[in-house]
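For reference, the structure discussed in these notes is given below.
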Amino acid sequence: MYMKADPDEAWEKLRASRANPPGKAGGGARRKTYAAALEQAEQMFRAAAVVGPATRPLQVFYGLSQAGRAVAAAAVDLKGEDWRLDGHGIRASGFDKPFADIEIRTDPPTSRGSFVRLSQLLDSPVWGKDTVRLEDVWDMLPVNLDYPLTDRNRHPALYTNDSGIHGDPHSLLHVPVCDIPDWVIDNGSRETLSAFFAKYPGLAQYHEYVRRTPRPDGPPDFTRYDLGGGELRVSWLMPQGPALAEERRRHLRGLTRSHGRSRWFLPVIPPTGREPHLMMAWWSVVYTLSMLARYEPAGWAALISVDSNHHAVPVESLLKRAIAFLPGLIVATVDEVSS
């Protein structure tokens with residue numbers, strides 16, 4: 001459902017911005033950091049594109065980490081020296097566990113670590129000593145929709161769009177919610193759907209959905225996809241009553257997160273009850289892969305062996321798509337924090 005990425009176009013936009021940096025990166029140390037960090041980020045991503053999966057997660061993560069320093073330098077909400085980042089701010093452990101069960105923790109909210117400071121800037125949660133399983137964050141990335149790590153019931157990113165929002169003022173926002181997994185559709189009950197939607201802050205307060213029968217408790221009228229999963233049209237009450245199309249589009253943006261030109265409903269990170277910014281979801285996953293590759297090289301080599309490990313192709317796909325999609329997400333995040 002996501003649109004094709006053009007990393008070269010994204011890097012061109014970032015390079016062009018260095019002559020007249022956005023937000024607070026217009027002068028002094030912040031300007032120097034913005035330019036140098038973006039140069040290093042681009043070189044890291046370019047290097048990642050020409051190496052194999054044995055070392056690719058290292059270049060991807062450190063490229064993203066340097067881009068994060070540029071984001072912080074441009075951020076208008078970071079005052080004084082708060083834009084300076086110190087350390088990773090995130091940790092991975094449990095590499096002896098199954099791949100899906102690797103544990104991710106963050107530093108506490110008081111940390112100056114990159115992950116913590118950027119999460120606070122982007123209204124994204126941190127969870128301290130609590131643990132988050134890699135699979136839970138993996139499923140939040142739209143590019144992983146076709147690559148589950150286990151056969152557990154998934155809560156993936158759910159695509160939507162505003163192409164049907166038009167016409168006269170209306171009291172309802174009405175859009176499709178796509179990529180609903182088979183286990184929800186197969187159950188088919190209102191109760192299962194409501195429990196599933198409750199994991200997504202943007203969906204939890206829905207007003208109604210299209211039903212197969214006119215009864216108020218009628219089952220959801222899902223549209224199934226040929227290759228699995230499906231979608232459902234869902235509506236929300238507009239807070240101020242009848243609203244113009246642009247107001248309804250703006251309300252949808254407040255319920256979702258962006259990834260390129262697409263909008264997504266994301267589930268909560270379990271210990272926090274909040275959904276992440278997609279930049280930080282990507283950060284969690286590529287950081288974990290980089291630590292596995294760096295500190296457990298034998299385990300990483302076994303994981304990426306396409307002849308013996310069923311996770312190898314999903315990991316290869318994730319890293320390839322990181323190179324394609326993250327530059328555009330960096331552009332969007334710089335724009336977000338600098339305006």
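In the structure tokens, the first chain shown is A, the next is B, and so on; residue numbers restart at 1 for each chain, and ligands run from 1 in the order shown.
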Residues flagged strand (DSSP E or B) by DSSP in stretch 170-269 of chain A, as a PDB file with all heavy atoms, in the first residue's frame:
ATOM      1  N   HIS A 170     -19.482  17.761   6.595  1.00  0.00           N
ATOM      2  CA  HIS A 170     -20.065  16.528   7.106  1.00  0.00           C
ATOM      3  C   HIS A 170     -19.591  16.320   8.534  1.00  0.00           C
ATOM      4  O   HIS A 170     -18.480  16.703   8.891  1.00  0.00           O
ATOM      5  CB  HIS A 170     -19.660  15.341   6.237  1.00  0.00           C
ATOM      6  CG  HIS A 170     -20.587  14.169   6.336  1.00  0.00           C
ATOM      7  ND1 HIS A 170     -20.636  13.341   7.442  1.00  0.00           N
ATOM      8  CD2 HIS A 170     -21.527  13.699   5.476  1.00  0.00           C
ATOM      9  CE1 HIS A 170     -21.544  12.399   7.249  1.00  0.00           C
ATOM     10  NE2 HIS A 170     -22.109  12.594   6.060  1.00  0.00           N
ATOM     11  N   LEU A 172     -19.031  13.411   9.909  1.00  0.00           N
ATOM     12  CA  LEU A 172     -18.253  12.185  10.029  1.00  0.00           C
ATOM     13  C   LEU A 172     -17.012  12.234   9.132  1.00  0.00           C
ATOM     14  O   LEU A 172     -17.072  12.704   7.999  1.00  0.00           O
ATOM     15  CB  LEU A 172     -19.087  10.970   9.634  1.00  0.00           C
ATOM     16  CG  LEU A 172     -20.243  10.564  10.541  1.00  0.00           C
ATOM     17  CD1 LEU A 172     -20.971   9.361   9.943  1.00  0.00           C
ATOM     18  CD2 LEU A 172     -19.748  10.238  11.944  1.00  0.00           C
ATOM     19  N   LEU A 173     -15.907  11.736   9.672  1.00  0.00           N
ATOM     20  CA  LEU A 173     -14.730  11.408   8.881  1.00  0.00           C
ATOM     21  C   LEU A 173     -14.858   9.934   8.528  1.00  0.00           C
ATOM     22  O   LEU A 173     -15.012   9.090   9.415  1.00  0.00           O
ATOM     23  CB  LEU A 173     -13.455  11.648   9.690  1.00  0.00           C
ATOM     24  CG  LEU A 173     -12.170  11.033   9.146  1.00  0.00           C
ATOM     25  CD1 LEU A 173     -11.778  11.683   7.823  1.00  0.00           C
ATOM     26  CD2 LEU A 173     -11.037  11.146  10.161  1.00  0.00           C
ATOM     27  N   HIS A 174     -14.797   9.608   7.238  1.00  0.00           N
ATOM     28  CA  HIS A 174     -15.085   8.248   6.783  1.00  0.00           C
ATOM     29  C   HIS A 174     -13.970   7.818   5.832  1.00  0.00           C
ATOM     30  O   HIS A 174     -13.806   8.404   4.761  1.00  0.00           O
ATOM     31  CB  HIS A 174     -16.444   8.236   6.067  1.00  0.00           C
ATOM     32  CG  HIS A 174     -17.044   6.874   5.905  1.00  0.00           C
ATOM     33  ND1 HIS A 174     -17.299   6.033   6.948  1.00  0.00           N
ATOM     34  CD2 HIS A 174     -17.431   6.206   4.780  1.00  0.00           C
ATOM     35  CE1 HIS A 174     -17.845   4.916   6.511  1.00  0.00           C
ATOM     36  NE2 HIS A 174     -17.927   4.986   5.179  1.00  0.00           N
ATOM     37  N   VAL A 175     -13.145   6.805   6.241  1.00  0.00           N
ATOM     38  CA  VAL A 175     -12.010   6.373   5.426  1.00  0.00           C
ATOM     39  C   VAL A 175     -11.855   4.849   5.498  1.00  0.00           C
ATOM     40  O   VAL A 175     -12.346   4.209   6.429  1.00  0.00           O
ATOM     41  CB  VAL A 175     -10.683   7.028   5.891  1.00  0.00           C
ATOM     42  CG1 VAL A 175     -10.715   8.535   5.702  1.00  0.00           C
ATOM     43  CG2 VAL A 175     -10.367   6.653   7.333  1.00  0.00           C
ATOM     44  N   PRO A 176     -11.123   4.264   4.543  1.00  0.00           N
ATOM     45  CA  PRO A 176     -10.823   2.834   4.636  1.00  0.00           C
ATOM     46  C   PRO A 176      -9.661   2.579   5.589  1.00  0.00           C
ATOM     47  O   PRO A 176      -8.705   3.359   5.650  1.00  0.00           O
ATOM     48  CB  PRO A 176     -10.444   2.469   3.199  1.00  0.00           C
ATOM     49  CG  PRO A 176      -9.851   3.727   2.655  1.00  0.00           C
ATOM     50  CD  PRO A 176     -10.629   4.858   3.286  1.00  0.00           C
ATOM     51  N   VAL A 177      -9.755   1.503   6.334  1.00  0.00           N
ATOM     52  CA  VAL A 177      -8.645   1.029   7.156  1.00  0.00           C
ATOM     53  C   VAL A 177      -8.187  -0.283   6.523  1.00  0.00           C
ATOM     54  O   VAL A 177      -8.941  -1.252   6.475  1.00  0.00           O
ATOM     55  CB  VAL A 177      -9.063   0.817   8.623  1.00  0.00           C
ATOM     56  CG1 VAL A 177      -7.906   0.248   9.432  1.00  0.00           C
ATOM     57  CG2 VAL A 177      -9.534   2.133   9.232  1.00  0.00           C
ATOM     58  N   CYS A 178      -6.948  -0.284   6.021  1.00  0.00           N
ATOM     59  CA  CYS A 178      -6.473  -1.381   5.180  1.00  0.00           C
ATOM     60  C   CYS A 178      -5.454  -2.262   5.910  1.00  0.00           C
ATOM     61  O   CYS A 178      -4.912  -1.883   6.942  1.00  0.00           O
ATOM     62  CB  CYS A 178      -5.833  -0.816   3.921  1.00  0.00           C
ATOM     63  SG  CYS A 178      -6.895   0.327   3.007  1.00  0.00           S
ATOM     64  N   ASP A 179      -5.252  -3.437   5.342  1.00  0.00           N
ATOM     65  CA  ASP A 179      -4.259  -4.407   5.822  1.00  0.00           C
ATOM     66  C   ASP A 179      -4.641  -5.023   7.167  1.00  0.00           C
ATOM     67  O   ASP A 179      -3.775  -5.455   7.937  1.00  0.00           O
ATOM     68  CB  ASP A 179      -2.860  -3.783   5.903  1.00  0.00           C
ATOM     69  CG  ASP A 179      -2.422  -3.191   4.578  1.00  0.00           C
ATOM     70  OD1 ASP A 179      -2.660  -3.845   3.544  1.00  0.00           O
ATOM     71  OD2 ASP A 179      -1.868  -2.074   4.562  1.00  0.00           O
ATOM     72  N   ILE A 180      -5.941  -5.079   7.462  1.00  0.00           N
ATOM     73  CA  ILE A 180      -6.409  -5.777   8.664  1.00  0.00           C
ATOM     74  C   ILE A 180      -6.078  -7.257   8.513  1.00  0.00           C
ATOM     75  O   ILE A 180      -6.373  -7.863   7.474  1.00  0.00           O
ATOM     76  CB  ILE A 180      -7.918  -5.562   8.858  1.00  0.00           C
ATOM     77  CG1 ILE A 180      -8.201  -4.073   9.087  1.00  0.00           C
ATOM     78  CG2 ILE A 180      -8.451  -6.401  10.021  1.00  0.00           C
ATOM     79  CD1 ILE A 180      -9.677  -3.713   9.102  1.00  0.00           C
ATOM     80  N   GLU A 208     -18.119   4.311  14.118  1.00  0.00           N
ATOM     81  CA  GLU A 208     -18.850   3.199  13.513  1.00  0.00           C
ATOM     82  C   GLU A 208     -18.048   2.641  12.349  1.00  0.00           C
ATOM     83  O   GLU A 208     -17.055   3.209  11.924  1.00  0.00           O
ATOM     84  CB  GLU A 208     -20.226   3.673  13.029  1.00  0.00           C
ATOM     85  CG  GLU A 208     -21.222   2.568  12.712  1.00  0.00           C
ATOM     86  CD  GLU A 208     -21.336   1.526  13.799  1.00  0.00           C
ATOM     87  OE1 GLU A 208     -20.521   0.570  13.772  1.00  0.00           O
ATOM     88  OE2 GLU A 208     -22.193   1.663  14.677  1.00  0.00           O
ATOM     89  N   TYR A 209     -18.468   1.492  11.865  1.00  0.00           N
ATOM     90  CA  TYR A 209     -17.883   0.898  10.676  1.00  0.00           C
ATOM     91  C   TYR A 209     -19.013   0.336   9.821  1.00  0.00           C
ATOM     92  O   TYR A 209     -20.160   0.187  10.289  1.00  0.00           O
ATOM     93  CB  TYR A 209     -16.884  -0.206  11.034  1.00  0.00           C
ATOM     94  CG  TYR A 209     -17.448  -1.274  11.944  1.00  0.00           C
ATOM     95  CD1 TYR A 209     -18.280  -2.280  11.452  1.00  0.00           C
ATOM     96  CD2 TYR A 209     -17.156  -1.280  13.306  1.00  0.00           C
ATOM     97  CE1 TYR A 209     -18.802  -3.245  12.282  1.00  0.00           C
ATOM     98  CE2 TYR A 209     -17.685  -2.237  14.147  1.00  0.00           C
ATOM     99  CZ  TYR A 209     -18.501  -3.223  13.633  1.00  0.00           C
ATOM    100  OH  TYR A 209     -19.039  -4.171  14.460  1.00  0.00           O
ATOM    101  N   ARG A 211     -21.322  -2.252   8.274  1.00  0.00           N
ATOM    102  CA  ARG A 211     -21.765  -3.563   8.748  1.00  0.00           C
ATOM    103  C   ARG A 211     -22.412  -4.359   7.614  1.00  0.00           C
ATOM    104  O   ARG A 211     -22.932  -3.797   6.653  1.00  0.00           O
ATOM    105  CB  ARG A 211     -22.766  -3.400   9.895  1.00  0.00           C
ATOM    106  CG  ARG A 211     -22.209  -2.631  11.081  1.00  0.00           C
ATOM    107  CD  ARG A 211     -23.217  -2.587  12.224  1.00  0.00           C
ATOM    108  NE  ARG A 211     -24.458  -1.914  11.857  1.00  0.00           N
ATOM    109  CZ  ARG A 211     -24.658  -0.604  11.964  1.00  0.00           C
ATOM    110  NH1 ARG A 211     -23.692   0.186  12.417  1.00  0.00           N
ATOM    111  NH2 ARG A 211     -25.811  -0.066  11.614  1.00  0.00           N
ATOM    112  N   PRO A 220     -18.836  -6.795  11.049  1.00  0.00           N
ATOM    113  CA  PRO A 220     -18.140  -5.903  10.101  1.00  0.00           C
ATOM    114  C   PRO A 220     -18.215  -6.439   8.668  1.00  0.00           C
ATOM    115  O   PRO A 220     -18.121  -7.647   8.449  1.00  0.00           O
ATOM    116  CB  PRO A 220     -16.697  -5.892  10.616  1.00  0.00           C
ATOM    117  CG  PRO A 220     -16.763  -6.407  12.013  1.00  0.00           C
ATOM    118  CD  PRO A 220     -17.925  -7.319  12.085  1.00  0.00           C
ATOM    119  N   THR A 223     -13.772  -6.157   3.309  1.00  0.00           N
ATOM    120  CA  THR A 223     -13.425  -6.475   1.930  1.00  0.00           C
ATOM    121  C   THR A 223     -12.119  -7.249   1.963  1.00  0.00           C
ATOM    122  O   THR A 223     -11.091  -6.731   2.402  1.00  0.00           O
ATOM    123  CB  THR A 223     -13.236  -5.200   1.088  1.00  0.00           C
ATOM    124  OG1 THR A 223     -14.464  -4.467   1.069  1.00  0.00           O
ATOM    125  CG2 THR A 223     -12.827  -5.544  -0.341  1.00  0.00           C
ATOM    126  N   ARG A 224     -12.160  -8.495   1.524  1.00  0.00           N
ATOM    127  CA  ARG A 224     -10.963  -9.340   1.578  1.00  0.00           C
ATOM    128  C   ARG A 224     -10.067  -9.093   0.366  1.00  0.00           C
ATOM    129  O   ARG A 224     -10.541  -8.832  -0.733  1.00  0.00           O
ATOM    130  CB  ARG A 224     -11.341 -10.813   1.626  1.00  0.00           C
ATOM    131  CG  ARG A 224     -11.821 -11.311   2.990  1.00  0.00           C
ATOM    132  CD  ARG A 224     -11.940 -12.820   2.975  1.00  0.00           C
ATOM    133  NE  ARG A 224     -12.363 -13.368   4.256  1.00  0.00           N
ATOM    134  CZ  ARG A 224     -11.527 -13.732   5.233  1.00  0.00           C
ATOM    135  NH1 ARG A 224     -10.216 -13.587   5.064  1.00  0.00           N
ATOM    136  NH2 ARG A 224     -11.988 -14.239   6.360  1.00  0.00           N
ATOM    137  N   GLY A 230      -7.418  -7.745   4.573  1.00  0.00           N
ATOM    138  CA  GLY A 230      -8.539  -7.030   3.983  1.00  0.00           C
ATOM    139  C   GLY A 230      -8.687  -5.650   4.581  1.00  0.00           C
ATOM    140  O   GLY A 230      -7.805  -5.167   5.302  1.00  0.00           O
ATOM    141  N   GLU A 231      -9.808  -5.003   4.273  1.00  0.00           N
ATOM    142  CA  GLU A 231     -10.027  -3.642   4.743  1.00  0.00           C
ATOM    143  C   GLU A 231     -11.471  -3.445   5.168  1.00  0.00           C
ATOM    144  O   GLU A 231     -12.346  -4.268   4.892  1.00  0.00           O
ATOM    145  CB  GLU A 231      -9.646  -2.625   3.674  1.00  0.00           C
ATOM    146  CG  GLU A 231     -10.480  -2.674   2.414  1.00  0.00           C
ATOM    147  CD  GLU A 231      -9.956  -1.706   1.360  1.00  0.00           C
ATOM    148  OE1 GLU A 231      -8.850  -1.944   0.829  1.00  0.00           O
ATOM    149  OE2 GLU A 231     -10.669  -0.718   1.076  1.00  0.00           O
ATOM    150  N   LEU A 232     -11.697  -2.314   5.833  1.00  0.00           N
ATOM    151  CA  LEU A 232     -13.014  -1.985   6.365  1.00  0.00           C
ATOM    152  C   LEU A 232     -13.149  -0.475   6.377  1.00  0.00           C
ATOM    153  O   LEU A 232     -12.214   0.240   6.747  1.00  0.00           O
ATOM    154  CB  LEU A 232     -13.152  -2.533   7.795  1.00  0.00           C
ATOM    155  CG  LEU A 232     -14.468  -2.297   8.531  1.00  0.00           C
ATOM    156  CD1 LEU A 232     -15.594  -3.119   7.893  1.00  0.00           C
ATOM    157  CD2 LEU A 232     -14.320  -2.664  10.012  1.00  0.00           C
ATOM    158  N   ARG A 233     -14.295   0.029   5.987  1.00  0.00           N
ATOM    159  CA  ARG A 233     -14.540   1.467   6.050  1.00  0.00           C
ATOM    160  C   ARG A 233     -15.011   1.827   7.458  1.00  0.00           C
ATOM    161  O   ARG A 233     -15.944   1.221   7.991  1.00  0.00           O
ATOM    162  CB  ARG A 233     -15.550   1.892   4.997  1.00  0.00           C
ATOM    163  CG  ARG A 233     -15.031   1.700   3.571  1.00  0.00           C
ATOM    164  CD  ARG A 233     -15.818   2.497   2.566  1.00  0.00           C
ATOM    165  NE  ARG A 233     -15.669   3.937   2.749  1.00  0.00           N
ATOM    166  CZ  ARG A 233     -14.661   4.659   2.238  1.00  0.00           C
ATOM    167  NH1 ARG A 233     -13.701   4.066   1.541  1.00  0.00           N
ATOM    168  NH2 ARG A 233     -14.606   5.958   2.442  1.00  0.00           N
ATOM    169  N   VAL A 234     -14.350   2.835   8.035  1.00  0.00           N
ATOM    170  CA  VAL A 234     -14.559   3.204   9.434  1.00  0.00           C
ATOM    171  C   VAL A 234     -14.828   4.710   9.499  1.00  0.00           C
ATOM    172  O   VAL A 234     -14.303   5.481   8.684  1.00  0.00           O
ATOM    173  CB  VAL A 234     -13.321   2.839  10.285  1.00  0.00           C
ATOM    174  CG1 VAL A 234     -13.511   3.241  11.743  1.00  0.00           C
ATOM    175  CG2 VAL A 234     -13.032   1.339  10.180  1.00  0.00           C
ATOM    176  N   SER A 235     -15.630   5.132  10.475  1.00  0.00           N
ATOM    177  CA  SER A 235     -15.936   6.556  10.615  1.00  0.00           C
ATOM    178  C   SER A 235     -15.688   7.032  12.038  1.00  0.00           C
ATOM    179  O   SER A 235     -15.745   6.265  13.002  1.00  0.00           O
ATOM    180  CB  SER A 235     -17.389   6.842  10.218  1.00  0.00           C
ATOM    181  OG  SER A 235     -18.282   6.143  11.057  1.00  0.00           O
ATOM    182  N   TRP A 236     -15.396   8.348  12.147  1.00  0.00           N
ATOM    183  CA  TRP A 236     -15.219   9.050  13.421  1.00  0.00           C
ATOM    184  C   TRP A 236     -16.120  10.281  13.415  1.00  0.00           C
ATOM    185  O   TRP A 236     -16.307  10.927  12.369  1.00  0.00           O
ATOM    186  CB  TRP A 236     -13.778   9.532  13.594  1.00  0.00           C
ATOM    187  CG  TRP A 236     -12.749   8.475  13.770  1.00  0.00           C
ATOM    188  CD1 TRP A 236     -12.136   8.106  14.927  1.00  0.00           C
ATOM    189  CD2 TRP A 236     -12.166   7.667  12.734  1.00  0.00           C
ATOM    190  NE1 TRP A 236     -11.216   7.114  14.688  1.00  0.00           N
ATOM    191  CE2 TRP A 236     -11.221   6.822  13.352  1.00  0.00           C
ATOM    192  CE3 TRP A 236     -12.359   7.553  11.350  1.00  0.00           C
ATOM    193  CZ2 TRP A 236     -10.467   5.889  12.632  1.00  0.00           C
ATOM    194  CZ3 TRP A 236     -11.620   6.626  10.625  1.00  0.00           C
ATOM    195  CH2 TRP A 236     -10.700   5.812  11.264  1.00  0.00           C
ATOM    196  N   LEU A 237     -16.630  10.652  14.578  1.00  0.00           N
ATOM    197  CA  LEU A 237     -17.366  11.902  14.716  1.00  0.00           C
ATOM    198  C   LEU A 237     -16.380  13.066  14.729  1.00  0.00           C
ATOM    199  O   LEU A 237     -15.381  13.044  15.460  1.00  0.00           O
ATOM    200  CB  LEU A 237     -18.180  11.904  16.008  1.00  0.00           C
ATOM    201  CG  LEU A 237     -19.464  11.062  16.031  1.00  0.00           C
ATOM    202  CD1 LEU A 237     -20.010  10.986  17.450  1.00  0.00           C
ATOM    203  CD2 LEU A 237     -20.507  11.657  15.083  1.00  0.00           C
ATOM    204  N   ALA A 243     -17.899  19.423   9.189  1.00  0.00           N
ATOM    205  CA  ALA A 243     -16.600  20.026   8.873  1.00  0.00           C
ATOM    206  C   ALA A 243     -16.324  19.919   7.378  1.00  0.00           C
ATOM    207  O   ALA A 243     -16.736  18.959   6.717  1.00  0.00           O
ATOM    208  CB  ALA A 243     -15.494  19.328   9.653  1.00  0.00           C
ATOM    209  N   ARG A 257       0.098   8.358  11.597  1.00  0.00           N
ATOM    210  CA  ARG A 257       1.493   8.740  11.416  1.00  0.00           C
ATOM    211  C   ARG A 257       1.811   8.672   9.928  1.00  0.00           C
ATOM    212  O   ARG A 257       1.197   7.906   9.182  1.00  0.00           O
ATOM    213  CB  ARG A 257       2.425   7.787  12.173  1.00  0.00           C
ATOM    214  CG  ARG A 257       2.252   7.806  13.698  1.00  0.00           C
ATOM    215  CD  ARG A 257       2.860   9.021  14.346  1.00  0.00           C
ATOM    216  NE  ARG A 257       3.006   8.839  15.796  1.00  0.00           N
ATOM    217  CZ  ARG A 257       3.585   9.714  16.601  1.00  0.00           C
ATOM    218  NH1 ARG A 257       4.059  10.855  16.116  1.00  0.00           N
ATOM    219  NH2 ARG A 257       3.695   9.475  17.894  1.00  0.00           N
ATOM    220  N   SER A 258       2.788   9.456   9.480  1.00  0.00           N
ATOM    221  CA  SER A 258       3.127   9.470   8.060  1.00  0.00           C
ATOM    222  C   SER A 258       4.354   8.615   7.789  1.00  0.00           C
ATOM    223  O   SER A 258       5.255   8.489   8.624  1.00  0.00           O
ATOM    224  CB  SER A 258       3.386  10.900   7.585  1.00  0.00           C
ATOM    225  OG  SER A 258       4.524  11.436   8.238  1.00  0.00           O
ATOM    226  N   HIS A 259       4.388   8.019   6.610  1.00  0.00           N
ATOM    227  CA  HIS A 259       5.555   7.292   6.112  1.00  0.00           C
ATOM    228  C   HIS A 259       5.622   7.609   4.633  1.00  0.00           C
ATOM    229  O   HIS A 259       4.853   7.073   3.838  1.00  0.00           O
ATOM    230  CB  HIS A 259       5.405   5.793   6.346  1.00  0.00           C
ATOM    231  CG  HIS A 259       6.696   5.032   6.189  1.00  0.00           C
ATOM    232  ND1 HIS A 259       7.259   4.751   4.974  1.00  0.00           N
ATOM    233  CD2 HIS A 259       7.540   4.498   7.122  1.00  0.00           C
ATOM    234  CE1 HIS A 259       8.380   4.056   5.155  1.00  0.00           C
ATOM    235  NE2 HIS A 259       8.572   3.892   6.443  1.00  0.00           N
ATOM    236  N   SER A 262       2.256   8.430   2.574  1.00  0.00           N
ATOM    237  CA  SER A 262       1.166   7.583   3.049  1.00  0.00           C
ATOM    238  C   SER A 262       0.883   7.832   4.524  1.00  0.00           C
ATOM    239  O   SER A 262       1.735   8.308   5.266  1.00  0.00           O
ATOM    240  CB  SER A 262       1.516   6.102   2.822  1.00  0.00           C
ATOM    241  OG  SER A 262       1.784   5.845   1.468  1.00  0.00           O
ATOM    242  N   ARG A 263      -0.339   7.480   4.936  1.00  0.00           N
ATOM    243  CA  ARG A 263      -0.764   7.621   6.326  1.00  0.00           C
ATOM    244  C   ARG A 263      -1.028   6.243   6.910  1.00  0.00           C
ATOM    245  O   ARG A 263      -1.575   5.362   6.236  1.00  0.00           O
ATOM    246  CB  ARG A 263      -2.042   8.468   6.437  1.00  0.00           C
ATOM    247  CG  ARG A 263      -2.007   9.826   5.796  1.00  0.00           C
ATOM    248  CD  ARG A 263      -0.968  10.766   6.357  1.00  0.00           C
ATOM    249  NE  ARG A 263      -1.032  10.926   7.798  1.00  0.00           N
ATOM    250  CZ  ARG A 263      -0.247  11.783   8.482  1.00  0.00           C
ATOM    251  NH1 ARG A 263       0.632  12.533   7.833  1.00  0.00           N
ATOM    252  NH2 ARG A 263      -0.343  11.886   9.786  1.00  0.00           N
ATOM    253  N   TRP A 264      -0.668   6.077   8.191  1.00  0.00           N
ATOM    254  CA  TRP A 264      -0.756   4.765   8.827  1.00  0.00           C
ATOM    255  C   TRP A 264      -1.277   4.890  10.255  1.00  0.00           C
ATOM    256  O   TRP A 264      -0.882   5.787  10.999  1.00  0.00           O
ATOM    257  CB  TRP A 264       0.626   4.105   8.865  1.00  0.00           C
ATOM    258  CG  TRP A 264       1.227   3.942   7.513  1.00  0.00           C
ATOM    259  CD1 TRP A 264       1.921   4.885   6.800  1.00  0.00           C
ATOM    260  CD2 TRP A 264       1.157   2.788   6.680  1.00  0.00           C
ATOM    261  NE1 TRP A 264       2.296   4.383   5.588  1.00  0.00           N
ATOM    262  CE2 TRP A 264       1.845   3.095   5.479  1.00  0.00           C
ATOM    263  CE3 TRP A 264       0.595   1.517   6.837  1.00  0.00           C
ATOM    264  CZ2 TRP A 264       1.985   2.175   4.444  1.00  0.00           C
ATOM    265  CZ3 TRP A 264       0.738   0.599   5.804  1.00  0.00           C
ATOM    266  CH2 TRP A 264       1.413   0.931   4.628  1.00  0.00           C
ATOM    267  N   PHE A 265      -2.165   3.968  10.624  1.00  0.00           N
ATOM    268  CA  PHE A 265      -2.537   3.782  12.014  1.00  0.00           C
ATOM    269  C   PHE A 265      -1.518   2.822  12.627  1.00  0.00           C
ATOM    270  O   PHE A 265      -1.298   1.722  12.113  1.00  0.00           O
ATOM    271  CB  PHE A 265      -3.936   3.175  12.141  1.00  0.00           C
ATOM    272  CG  PHE A 265      -5.039   4.066  11.665  1.00  0.00           C
ATOM    273  CD1 PHE A 265      -5.626   3.858  10.418  1.00  0.00           C
ATOM    274  CD2 PHE A 265      -5.512   5.101  12.455  1.00  0.00           C
ATOM    275  CE1 PHE A 265      -6.653   4.674   9.969  1.00  0.00           C
ATOM    276  CE2 PHE A 265      -6.541   5.925  12.013  1.00  0.00           C
ATOM    277  CZ  PHE A 265      -7.110   5.716  10.770  1.00  0.00           C
ATOM    278  N   ILE A 269       3.144   0.809  21.655  1.00  0.00           N
ATOM    279  CA  ILE A 269       4.241   0.017  22.200  1.00  0.00           C
ATOM    280  C   ILE A 269       3.767  -0.499  23.558  1.00  0.00           C
ATOM    281  O   ILE A 269       3.394   0.299  24.428  1.00  0.00           O
ATOM    282  CB  ILE A 269       5.509   0.873  22.325  1.00  0.00           C
ATOM    283  CG1 ILE A 269       6.052   1.179  20.930  1.00  0.00           C
ATOM    284  CG2 ILE A 269       6.565   0.165  23.162  1.00  0.00           C
ATOM    285  CD1 ILE A 269       7.297   2.020  20.913  1.00  0.00           C
TER     286      ILE A 269
END
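Taking stretch 205-286 of chain A and asking which residues DSSP calls helix (DSSP H, G or I) on the backbone, you get Ala245, Glu246, Glu247, Arg248, Arg249, Arg250, His251, Leu252, Arg253, Gly254, Leu255, Leu278, Met279, Met280, Ala281, Trp282, Trp283, Ser284, Val285 and Val286 of chain A.
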Problem - For A:Val268, the nearest of the candidates A:Asp101, A:Asp139, A:Asp186, A:Asp6, counting only C-alpha atoms - result: A:Asp139
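Atom CA of A:Glu316 is positioned 10.2 Å from atom CA of A:Leu303.
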Exercise for the section: Determine the nearest neighbour of A:Met279 from the options A:Pro142, A:Pro109, A:Pro181, A:Pro239, counting only C-alpha atoms. Expected result: A:Pro142
Practice task
For atom CA of A:Leu319 and atom CA of A:Pro57, determine how far apart the two atoms are, in Å to one decimal place.
Solution key: 6.8 Å
Practice task
Could you give me, as a PyMOL selection string, the residues within 12 Å of stretch 308-314 of chain A, counting only C-alpha atoms and dropping anything in the same chain fewer than 6 positions from it?
Solution key: chain A and resi 53-54+98-100+135+138-139+143-150+299-302+320-321
Exercise for the section: Tell me which of A:Ala293, A:Met238, A:Ala5, A:Ala72 sits closest to A:Val116, counting only C-alpha atoms. Expected result: A:Ala72
